file coords-v9.txt (compact mmCIF, N, CA and C atoms)
# COMPACT_ATOMS: atom_id res chain seq x y z
N MET A 1 0.84 -1.18 0.00
CA MET A 1 0.00 0.00 0.00
C MET A 1 0.89 1.24 0.00
N THR A 2 0.61 2.15 -0.87
CA THR A 2 1.43 3.35 -0.98
C THR A 2 0.84 4.45 -0.12
N ARG A 3 1.62 5.48 0.05
CA ARG A 3 1.18 6.63 0.84
C ARG A 3 -0.05 7.28 0.20
N ALA A 4 -0.18 7.32 -1.12
CA ALA A 4 -1.33 7.89 -1.83
C ALA A 4 -2.59 7.09 -1.54
N ASP A 5 -2.50 5.76 -1.47
CA ASP A 5 -3.66 4.92 -1.15
C ASP A 5 -4.16 5.19 0.26
N THR A 6 -3.26 5.38 1.18
CA THR A 6 -3.63 5.67 2.57
C THR A 6 -4.36 7.00 2.65
N TRP A 7 -3.89 8.00 1.94
CA TRP A 7 -4.51 9.32 1.96
C TRP A 7 -5.95 9.25 1.41
N ILE A 8 -6.15 8.52 0.32
CA ILE A 8 -7.48 8.39 -0.27
C ILE A 8 -8.41 7.70 0.72
N HIS A 9 -7.95 6.66 1.35
CA HIS A 9 -8.78 5.93 2.32
C HIS A 9 -9.20 6.85 3.47
N GLU A 10 -8.29 7.62 3.97
CA GLU A 10 -8.61 8.52 5.08
C GLU A 10 -9.55 9.64 4.63
N ALA A 11 -9.43 10.10 3.44
CA ALA A 11 -10.28 11.17 2.95
C ALA A 11 -11.73 10.71 2.76
N ASN A 12 -11.91 9.43 2.50
CA ASN A 12 -13.25 8.91 2.30
C ASN A 12 -13.79 8.15 3.52
N SER A 13 -13.26 8.40 4.68
CA SER A 13 -13.67 7.63 5.85
C SER A 13 -15.13 7.89 6.21
N GLY A 14 -15.72 8.96 5.78
CA GLY A 14 -17.14 9.22 6.04
C GLY A 14 -17.93 8.99 4.78
N GLY A 15 -18.17 7.75 4.44
CA GLY A 15 -18.87 7.40 3.21
C GLY A 15 -20.32 7.85 3.23
N PRO A 16 -21.07 7.55 2.17
CA PRO A 16 -22.46 8.01 2.04
C PRO A 16 -23.36 7.60 3.21
N ARG A 17 -23.11 6.44 3.79
CA ARG A 17 -23.98 5.99 4.88
C ARG A 17 -23.78 6.83 6.14
N SER A 18 -22.60 7.37 6.35
CA SER A 18 -22.38 8.17 7.55
C SER A 18 -22.97 9.57 7.39
N ARG A 19 -23.24 9.97 6.16
CA ARG A 19 -23.81 11.30 5.92
C ARG A 19 -25.33 11.25 5.74
N SER A 20 -25.93 10.11 5.99
CA SER A 20 -27.38 10.03 5.80
C SER A 20 -28.09 10.59 7.03
N ARG A 21 -29.30 11.03 6.83
CA ARG A 21 -30.12 11.52 7.94
C ARG A 21 -31.56 11.13 7.67
N THR A 22 -32.33 11.13 8.71
CA THR A 22 -33.73 10.80 8.60
C THR A 22 -34.55 12.04 8.88
N GLU A 23 -35.52 12.28 8.02
CA GLU A 23 -36.39 13.44 8.19
C GLU A 23 -37.82 13.00 7.93
N ARG A 24 -38.71 13.29 8.85
CA ARG A 24 -40.11 12.90 8.70
C ARG A 24 -40.85 13.97 7.89
N LEU A 25 -41.51 13.53 6.82
CA LEU A 25 -42.31 14.41 5.98
C LEU A 25 -43.77 14.08 6.18
N ALA A 26 -44.59 15.07 6.31
CA ALA A 26 -46.02 14.85 6.48
C ALA A 26 -46.77 15.81 5.58
N ALA A 27 -47.64 15.25 4.77
CA ALA A 27 -48.48 16.06 3.88
C ALA A 27 -49.73 15.25 3.58
N THR A 28 -50.80 15.95 3.26
CA THR A 28 -52.03 15.26 2.91
C THR A 28 -52.83 16.10 1.93
N VAL A 29 -53.59 15.43 1.12
CA VAL A 29 -54.53 16.11 0.24
C VAL A 29 -55.93 16.04 0.83
N LEU A 30 -56.08 15.29 1.93
CA LEU A 30 -57.39 15.18 2.57
C LEU A 30 -57.78 16.51 3.18
N GLY A 31 -58.98 16.93 2.89
CA GLY A 31 -59.48 18.21 3.38
C GLY A 31 -59.23 19.36 2.42
N ASP A 32 -58.54 19.10 1.33
CA ASP A 32 -58.24 20.13 0.34
C ASP A 32 -59.47 20.33 -0.55
N GLU A 33 -60.00 21.53 -0.54
CA GLU A 33 -61.20 21.82 -1.33
C GLU A 33 -60.91 22.63 -2.58
N ALA A 34 -59.66 23.03 -2.76
CA ALA A 34 -59.29 23.81 -3.93
C ALA A 34 -58.08 23.17 -4.57
N GLY A 35 -57.84 23.51 -5.80
CA GLY A 35 -56.67 22.98 -6.49
C GLY A 35 -57.00 21.80 -7.37
N PRO A 36 -55.99 21.21 -7.97
CA PRO A 36 -56.23 20.12 -8.92
C PRO A 36 -56.68 18.82 -8.25
N ILE A 37 -56.29 18.60 -7.00
CA ILE A 37 -56.70 17.39 -6.28
C ILE A 37 -57.61 17.84 -5.14
N ARG A 38 -58.87 17.43 -5.21
CA ARG A 38 -59.84 17.87 -4.21
C ARG A 38 -60.38 16.66 -3.45
N CYS A 39 -60.22 16.69 -2.14
CA CYS A 39 -60.76 15.67 -1.25
C CYS A 39 -61.40 16.39 -0.06
N PRO A 40 -62.53 17.05 -0.28
CA PRO A 40 -63.13 17.84 0.80
C PRO A 40 -63.66 16.96 1.92
N ARG A 41 -63.62 17.52 3.14
CA ARG A 41 -64.18 16.81 4.28
C ARG A 41 -65.69 16.81 4.16
N VAL A 42 -66.29 15.65 4.35
CA VAL A 42 -67.72 15.48 4.25
C VAL A 42 -68.36 15.53 5.63
N LEU A 43 -67.69 14.93 6.60
CA LEU A 43 -68.34 14.71 7.89
C LEU A 43 -67.31 14.35 8.95
N ARG A 44 -67.61 14.70 10.19
CA ARG A 44 -66.85 14.24 11.36
C ARG A 44 -67.82 13.49 12.26
N VAL A 45 -67.41 12.32 12.71
CA VAL A 45 -68.26 11.54 13.60
C VAL A 45 -67.45 11.04 14.78
N GLY A 46 -68.13 10.93 15.91
CA GLY A 46 -67.52 10.39 17.12
C GLY A 46 -68.51 10.52 18.26
N LEU A 47 -68.69 9.45 19.00
CA LEU A 47 -69.65 9.43 20.09
C LEU A 47 -68.97 9.09 21.40
N ASP A 48 -69.43 9.72 22.48
CA ASP A 48 -68.96 9.44 23.83
C ASP A 48 -70.11 8.77 24.57
N PHE A 49 -69.88 7.56 25.02
CA PHE A 49 -70.92 6.78 25.69
C PHE A 49 -70.87 6.90 27.21
N GLY A 50 -70.02 7.81 27.70
CA GLY A 50 -69.98 8.08 29.13
C GLY A 50 -69.65 6.87 29.99
N GLY A 51 -68.84 5.97 29.51
CA GLY A 51 -68.46 4.80 30.28
C GLY A 51 -69.43 3.64 30.19
N GLY A 52 -70.56 3.84 29.52
CA GLY A 52 -71.53 2.76 29.36
C GLY A 52 -71.14 1.84 28.21
N ASP A 53 -71.85 0.73 28.10
CA ASP A 53 -71.60 -0.23 27.03
C ASP A 53 -72.19 0.32 25.73
N PRO A 54 -71.34 0.64 24.75
CA PRO A 54 -71.83 1.22 23.50
C PRO A 54 -72.90 0.37 22.80
N LEU A 55 -72.72 -0.94 22.79
CA LEU A 55 -73.68 -1.81 22.11
C LEU A 55 -75.05 -1.76 22.78
N ALA A 56 -75.09 -1.79 24.09
CA ALA A 56 -76.36 -1.72 24.81
C ALA A 56 -77.03 -0.36 24.61
N ILE A 57 -76.25 0.69 24.65
CA ILE A 57 -76.80 2.04 24.48
C ILE A 57 -77.38 2.21 23.08
N ILE A 58 -76.68 1.70 22.06
CA ILE A 58 -77.17 1.83 20.69
C ILE A 58 -78.43 0.98 20.48
N ARG A 59 -78.48 -0.19 21.07
CA ARG A 59 -79.70 -1.02 20.96
C ARG A 59 -80.89 -0.31 21.59
N ASP A 60 -80.68 0.33 22.75
CA ASP A 60 -81.75 1.12 23.38
C ASP A 60 -82.15 2.29 22.50
N LEU A 61 -81.16 2.94 21.90
CA LEU A 61 -81.43 4.08 21.02
C LEU A 61 -82.26 3.64 19.82
N LEU A 62 -81.91 2.51 19.23
CA LEU A 62 -82.69 1.98 18.10
C LEU A 62 -84.15 1.79 18.51
N TRP A 63 -84.36 1.15 19.64
CA TRP A 63 -85.72 0.87 20.12
C TRP A 63 -86.47 2.17 20.41
N ASN A 64 -85.79 3.15 21.04
CA ASN A 64 -86.42 4.44 21.35
C ASN A 64 -86.77 5.23 20.09
N CYS A 65 -86.03 5.02 19.02
CA CYS A 65 -86.32 5.69 17.75
C CYS A 65 -87.36 4.93 16.92
N GLY A 66 -87.81 3.79 17.43
CA GLY A 66 -88.87 3.05 16.76
C GLY A 66 -88.42 2.02 15.74
N PHE A 67 -87.15 1.59 15.82
CA PHE A 67 -86.62 0.62 14.87
C PHE A 67 -86.35 -0.71 15.57
N ASP A 68 -86.59 -1.80 14.84
CA ASP A 68 -86.32 -3.12 15.39
C ASP A 68 -84.85 -3.52 15.26
N ASP A 69 -84.20 -3.07 14.20
CA ASP A 69 -82.79 -3.42 14.00
C ASP A 69 -82.11 -2.35 13.15
N GLU A 70 -80.80 -2.52 12.99
CA GLU A 70 -80.02 -1.51 12.26
C GLU A 70 -80.36 -1.46 10.78
N ALA A 71 -80.78 -2.57 10.20
CA ALA A 71 -81.15 -2.57 8.78
C ALA A 71 -82.39 -1.71 8.55
N GLU A 72 -83.35 -1.79 9.45
CA GLU A 72 -84.56 -0.96 9.34
C GLU A 72 -84.22 0.52 9.51
N ALA A 73 -83.34 0.82 10.45
CA ALA A 73 -82.93 2.21 10.67
C ALA A 73 -82.16 2.73 9.47
N ARG A 74 -81.29 1.91 8.94
CA ARG A 74 -80.50 2.32 7.78
C ARG A 74 -81.39 2.67 6.59
N ALA A 75 -82.45 1.92 6.39
CA ALA A 75 -83.35 2.19 5.28
C ALA A 75 -84.11 3.50 5.46
N ALA A 76 -84.29 3.95 6.70
CA ALA A 76 -85.08 5.14 6.97
C ALA A 76 -84.24 6.41 7.10
N VAL A 77 -82.95 6.27 7.32
CA VAL A 77 -82.08 7.43 7.57
C VAL A 77 -81.28 7.74 6.30
N ALA A 78 -81.23 9.02 5.93
CA ALA A 78 -80.46 9.44 4.76
C ALA A 78 -78.98 9.53 5.14
N LEU A 79 -78.20 8.60 4.62
CA LEU A 79 -76.76 8.54 4.89
C LEU A 79 -76.00 8.93 3.64
N PRO A 80 -74.71 9.29 3.78
CA PRO A 80 -73.91 9.58 2.58
C PRO A 80 -73.98 8.40 1.60
N ALA A 81 -74.24 8.69 0.34
CA ALA A 81 -74.50 7.65 -0.65
C ALA A 81 -73.26 7.12 -1.35
N THR A 82 -72.15 7.85 -1.26
CA THR A 82 -70.94 7.42 -1.95
C THR A 82 -69.86 7.03 -0.95
N PRO A 83 -68.97 6.13 -1.36
CA PRO A 83 -67.86 5.77 -0.47
C PRO A 83 -67.00 6.98 -0.13
N CYS A 84 -66.41 6.95 1.04
CA CYS A 84 -65.54 8.04 1.50
C CYS A 84 -64.25 7.47 2.06
N ILE A 85 -63.24 8.30 2.06
CA ILE A 85 -61.97 7.98 2.70
C ILE A 85 -62.10 8.41 4.15
N CYS A 86 -61.68 7.57 5.08
CA CYS A 86 -61.75 7.90 6.51
C CYS A 86 -60.35 8.10 7.07
N ARG A 87 -60.29 8.91 8.11
CA ARG A 87 -59.05 9.11 8.84
C ARG A 87 -59.40 9.27 10.31
N PRO A 88 -58.70 8.57 11.20
CA PRO A 88 -58.96 8.78 12.63
C PRO A 88 -58.77 10.25 12.98
N ASP A 89 -59.63 10.77 13.83
CA ASP A 89 -59.63 12.19 14.19
C ASP A 89 -59.53 12.31 15.71
N ALA A 90 -58.32 12.37 16.22
CA ALA A 90 -58.12 12.45 17.67
C ALA A 90 -58.20 13.88 18.19
N LEU A 91 -58.26 14.86 17.31
CA LEU A 91 -58.25 16.26 17.75
C LEU A 91 -59.60 16.76 18.24
N VAL A 92 -60.66 16.21 17.71
CA VAL A 92 -61.99 16.69 18.09
C VAL A 92 -62.58 15.72 19.13
N PRO A 93 -63.00 16.24 20.27
CA PRO A 93 -63.58 15.33 21.26
C PRO A 93 -64.92 14.77 20.77
N PRO A 94 -65.20 13.50 21.10
CA PRO A 94 -66.47 12.92 20.67
C PRO A 94 -67.64 13.61 21.37
N ARG A 95 -68.78 13.58 20.73
CA ARG A 95 -69.98 14.23 21.29
C ARG A 95 -70.69 13.25 22.21
N SER A 96 -71.13 13.74 23.34
CA SER A 96 -71.84 12.90 24.29
C SER A 96 -73.16 12.43 23.69
N ILE A 97 -73.41 11.15 23.78
CA ILE A 97 -74.62 10.59 23.20
C ILE A 97 -75.86 11.11 23.92
N THR A 98 -75.73 11.48 25.18
CA THR A 98 -76.88 12.00 25.92
C THR A 98 -77.18 13.45 25.56
N ALA A 99 -76.19 14.16 25.02
CA ALA A 99 -76.40 15.56 24.64
C ALA A 99 -76.97 15.70 23.23
N LEU A 100 -76.92 14.64 22.44
CA LEU A 100 -77.42 14.68 21.06
C LEU A 100 -78.89 14.33 21.00
N GLU A 101 -79.56 14.85 19.99
CA GLU A 101 -80.92 14.41 19.71
C GLU A 101 -80.84 12.94 19.28
N PRO A 102 -81.84 12.12 19.60
CA PRO A 102 -81.77 10.70 19.26
C PRO A 102 -81.52 10.43 17.78
N ASP A 103 -82.13 11.21 16.89
CA ASP A 103 -81.91 10.96 15.46
C ASP A 103 -80.48 11.28 15.03
N GLU A 104 -79.87 12.31 15.63
CA GLU A 104 -78.47 12.64 15.31
C GLU A 104 -77.53 11.57 15.86
N ALA A 105 -77.79 11.08 17.06
CA ALA A 105 -76.97 10.02 17.63
C ALA A 105 -77.08 8.75 16.79
N LEU A 106 -78.28 8.43 16.35
CA LEU A 106 -78.48 7.24 15.52
C LEU A 106 -77.78 7.41 14.17
N TYR A 107 -77.86 8.59 13.59
CA TYR A 107 -77.17 8.87 12.33
C TYR A 107 -75.67 8.61 12.47
N GLN A 108 -75.06 9.17 13.52
CA GLN A 108 -73.62 8.98 13.72
C GLN A 108 -73.28 7.51 13.97
N ALA A 109 -74.12 6.81 14.73
CA ALA A 109 -73.88 5.40 14.99
C ALA A 109 -73.97 4.58 13.70
N LEU A 110 -74.92 4.91 12.84
CA LEU A 110 -75.03 4.20 11.56
C LEU A 110 -73.81 4.45 10.69
N VAL A 111 -73.35 5.69 10.64
CA VAL A 111 -72.15 6.01 9.86
C VAL A 111 -70.95 5.23 10.41
N LEU A 112 -70.78 5.23 11.73
CA LEU A 112 -69.67 4.48 12.33
C LEU A 112 -69.77 2.99 12.02
N GLY A 113 -70.98 2.47 11.96
CA GLY A 113 -71.17 1.06 11.64
C GLY A 113 -70.87 0.72 10.20
N LEU A 114 -70.83 1.72 9.33
CA LEU A 114 -70.51 1.51 7.91
C LEU A 114 -69.05 1.84 7.60
N CYS A 115 -68.27 2.17 8.64
CA CYS A 115 -66.88 2.57 8.46
C CYS A 115 -65.91 1.52 8.99
N THR A 116 -64.78 1.44 8.30
CA THR A 116 -63.58 0.84 8.87
C THR A 116 -62.74 2.06 9.29
N PRO A 117 -61.58 1.86 9.86
CA PRO A 117 -60.78 3.05 10.18
C PRO A 117 -60.37 3.87 8.96
N TRP A 118 -60.46 3.28 7.76
CA TRP A 118 -59.94 3.96 6.57
C TRP A 118 -60.96 4.17 5.46
N ARG A 119 -62.16 3.60 5.60
CA ARG A 119 -63.12 3.68 4.49
C ARG A 119 -64.55 3.64 5.01
N TYR A 120 -65.38 4.53 4.45
CA TYR A 120 -66.82 4.48 4.65
C TYR A 120 -67.39 3.84 3.39
N ASP A 121 -68.17 2.79 3.58
CA ASP A 121 -68.72 2.07 2.44
C ASP A 121 -70.23 1.91 2.64
N PRO A 122 -71.04 2.67 1.89
CA PRO A 122 -72.49 2.57 2.06
C PRO A 122 -73.06 1.24 1.58
N GLY A 123 -72.27 0.44 0.89
CA GLY A 123 -72.74 -0.85 0.39
C GLY A 123 -72.53 -2.00 1.36
N ARG A 124 -71.80 -1.78 2.42
CA ARG A 124 -71.55 -2.87 3.37
C ARG A 124 -72.64 -2.91 4.43
N PRO A 125 -72.78 -4.01 5.11
CA PRO A 125 -73.78 -4.06 6.19
C PRO A 125 -73.32 -3.23 7.38
N VAL A 126 -74.26 -2.76 8.17
CA VAL A 126 -73.93 -2.01 9.39
C VAL A 126 -73.36 -3.01 10.40
N LEU A 127 -72.12 -2.79 10.78
CA LEU A 127 -71.46 -3.65 11.76
C LEU A 127 -71.10 -2.83 12.98
N TRP A 128 -71.83 -3.05 14.07
CA TRP A 128 -71.56 -2.34 15.31
C TRP A 128 -70.76 -3.23 16.23
N THR A 129 -69.59 -2.75 16.60
CA THR A 129 -68.78 -3.37 17.64
C THR A 129 -68.40 -2.28 18.61
N ARG A 130 -67.92 -2.66 19.76
CA ARG A 130 -67.47 -1.63 20.72
C ARG A 130 -66.35 -0.80 20.11
N THR A 131 -65.50 -1.44 19.33
CA THR A 131 -64.40 -0.72 18.68
C THR A 131 -64.92 0.25 17.62
N SER A 132 -65.83 -0.20 16.76
CA SER A 132 -66.31 0.68 15.69
C SER A 132 -67.09 1.87 16.26
N LEU A 133 -67.85 1.64 17.32
CA LEU A 133 -68.63 2.74 17.91
C LEU A 133 -67.77 3.72 18.69
N ALA A 134 -66.57 3.30 19.08
CA ALA A 134 -65.67 4.18 19.82
C ALA A 134 -64.79 5.02 18.91
N ARG A 135 -64.84 4.79 17.61
CA ARG A 135 -63.98 5.53 16.69
C ARG A 135 -64.41 6.99 16.58
N ARG A 136 -63.43 7.82 16.35
CA ARG A 136 -63.66 9.23 15.98
C ARG A 136 -63.02 9.41 14.62
N LEU A 137 -63.84 9.74 13.64
CA LEU A 137 -63.36 9.74 12.26
C LEU A 137 -63.72 11.03 11.53
N GLU A 138 -62.89 11.37 10.57
CA GLU A 138 -63.21 12.37 9.56
C GLU A 138 -63.45 11.61 8.27
N LEU A 139 -64.48 11.98 7.54
CA LEU A 139 -64.79 11.36 6.25
C LEU A 139 -64.54 12.37 5.16
N PHE A 140 -63.87 11.94 4.10
CA PHE A 140 -63.51 12.80 2.98
C PHE A 140 -64.03 12.21 1.68
N SER A 141 -64.48 13.07 0.80
CA SER A 141 -64.89 12.63 -0.52
C SER A 141 -63.66 12.46 -1.38
N GLY A 142 -63.51 11.30 -1.98
CA GLY A 142 -62.40 11.06 -2.89
C GLY A 142 -62.84 11.06 -4.33
N GLN A 143 -64.04 11.57 -4.60
CA GLN A 143 -64.60 11.51 -5.95
C GLN A 143 -63.78 12.30 -6.97
N GLU A 144 -63.11 13.36 -6.53
CA GLU A 144 -62.36 14.20 -7.48
C GLU A 144 -60.86 14.03 -7.31
N PHE A 145 -60.43 12.94 -6.66
CA PHE A 145 -59.01 12.75 -6.39
C PHE A 145 -58.19 12.71 -7.66
N TYR A 146 -58.68 12.05 -8.69
CA TYR A 146 -57.95 11.94 -9.95
C TYR A 146 -58.37 12.98 -10.97
N ALA A 147 -59.01 14.04 -10.53
CA ALA A 147 -59.48 15.08 -11.46
C ALA A 147 -58.34 15.86 -12.04
call {"tool": "encode", "arguments": {"input": "coords-v9.txt", "output": "C-alpha cells"}}
result
Amino acid sequence: MTRADTWIHEANSGGPRSRSRTERLAATVLGDEAGPIRCPRVLRVGLDFGGGDPLAIIRDLLWNCGFDDEAEARAAVALPATPCICRPDALVPPRSITALEPDEALYQALVLGLCTPWRYDPGRPVLWTRTSLARRLELFSGQEFYA
C-alpha cells in the first residue's frame, strides 16, 4: 500500500452511509377543497358513551327511535350515498350521546357502523362493535381525487 492509497482511504472515511439523515415528511390532500386534487371533508363523527356499554346504548337508542334493528334504521335514515376515505380524528372530542338528539346520535352510529378506520362504504352491512362505535373519524370525498 502506498502513501497515496492511505490518503485516499482517510479522505473517504465518512462514506455516504455516515452522511445520511432521517427526516419525517407529512403532507395530505385530505381536506383540500381547492386545487387540482380535491378531497373535501364530508363529515366528522364520534360518540362518547360516558363509560356505558356502546352496544347496549345503541340497541336502546334503536328501540327508542322506533326501529327493530339496524337494517330498518339504515333504510329510513339518509346517509352519505358514496364511499368516502376515513381518517382517525383524535383532535376533536367525541360528542356525548346524551347531549345529542336521538336521530343525530343514531345517524352517527349508523355512519360508524358503515366505516372501517380507513373507508366508509355505504354498500356494506352495518357492523356495530365496541371498537367501531368508539372511533372518531373524519370522512372525505375522494370523488375528485384523480381530477
call {"tool": "select_by_dssp", "arguments": {"input": "coords-v9.txt", "residues": "range 22-89 of chain A", "states": "strand (DSSP E)", "output": "number ranges by chain"}}
result
A: 41-48, 84-88
call {"tool": "residues_around", "arguments": {"input": "coords-v9.txt", "residues": "Cys84 in chain A", "least_positions_apart": "4", "cutoff": "6 Å", "atoms": "only C-alpha atoms", "output": "ChimeraX atom specification"}}
result
/A:119-120,139-141
call {"tool": "write_last_selection", "arguments": {"input": "coords-v9.txt", "atoms": "N, CA and C atoms", "output": "tab-separated table (two decimals), in the coordinates of the input"}}
result
chain	number	residue	atom	x	y	z
A	119	ARG	N	-62.16	3.60	5.60
A	119	ARG	CA	-63.12	3.68	4.49
A	119	ARG	C	-64.55	3.64	5.01
A	120	TYR	N	-65.38	4.53	4.45
A	120	TYR	CA	-66.82	4.48	4.65
A	120	TYR	C	-67.39	3.84	3.39
A	139	LEU	N	-64.48	11.98	7.54
A	139	LEU	CA	-64.79	11.36	6.25
A	139	LEU	C	-64.54	12.37	5.16
A	140	PHE	N	-63.87	11.94	4.10
A	140	PHE	CA	-63.51	12.80	2.98
A	140	PHE	C	-64.03	12.21	1.68
A	141	SER	N	-64.48	13.07	0.80
A	141	SER	CA	-64.89	12.63	-0.52
A	141	SER	C	-63.66	12.46	-1.38
call {"tool": "atom_distance", "arguments": {"input": "coords-v9.txt", "atom1": "CA of Gly142 in chain A", "atom2": "CA of Ala78 in chain A"}}
result
19.7 Å
call {"tool": "closest_residue", "arguments": {"input": "coords-v9.txt", "among": "A:Pro94, A:Pro88, A:Gly46, A:Pro54", "to": "Leu112 in chain A", "atoms": "all atoms listed in the file"}}
result
A:Gly46
call {"tool": "select_by_dssp", "arguments": {"input": "coords-v9.txt", "residues": "range 19-117 of chain A", "states": "helix (DSSP H, G or I)", "output": "JSON, numbers by chain"}}
result
{"A": [54, 55, 56, 57, 58, 59, 60, 61, 62, 63, 64, 70, 71, 72, 73, 74, 75, 76, 102, 103, 104, 105, 106, 107, 108, 109, 110, 111, 112, 113]}
call {"tool": "atom_distance", "arguments": {"input": "coords-v9.txt", "atom1": "CA of Asp103 in chain A", "atom2": "CA of Cys65 in chain A"}}
result
7.2 Å
call {"tool": "residues_around", "arguments": {"input": "coords-v9.txt", "residues": "range 124-128 of chain A", "least_positions_apart": "4", "cutoff": "12 Å", "atoms": "only C-alpha atoms", "output": "ChimeraX atom specification"}}
result
/A:53-59,69-75,79,81-83,106-116,119-120,132-135
call {"tool": "atom_distance", "arguments": {"input": "coords-v9.txt", "atom1": "CA of Asp121 in chain A", "atom2": "CA of Gly51 in chain A"}}
result
28.0 Å
call {"tool": "residues_around", "arguments": {"input": "coords-v9.txt", "residues": "Asp48 in chain A", "least_positions_apart": "6", "cutoff": "5 Å", "atoms": "all atoms listed in the file", "output": "list in words"}}
result
Pro94, Arg95, Ser96 and Ile97 of chain A
call {"tool": "closest_residue", "arguments": {"input": "coords-v9.txt", "among": "A:Gly50, A:Pro93, A:Val45, A:Phe67", "to": "Arg136 in chain A", "atoms": "all atoms listed in the file"}}
result
A:Val45
call {"tool": "closest_residue", "arguments": {"input": "coords-v9.txt", "among": "A:Val77, A:Cys39, A:Arg87, A:Asp68", "to": "Glu138 in chain A", "atoms": "only N, CA and C atoms"}}
result
A:Arg87
call {"tool": "closest_residue", "arguments": {"input": "coords-v9.txt", "among": "A:Arg24, A:Pro80, A:Cys86, A:Val42", "to": "Trp118 in chain A", "atoms": "only N, CA and C atoms"}}
result
A:Cys86
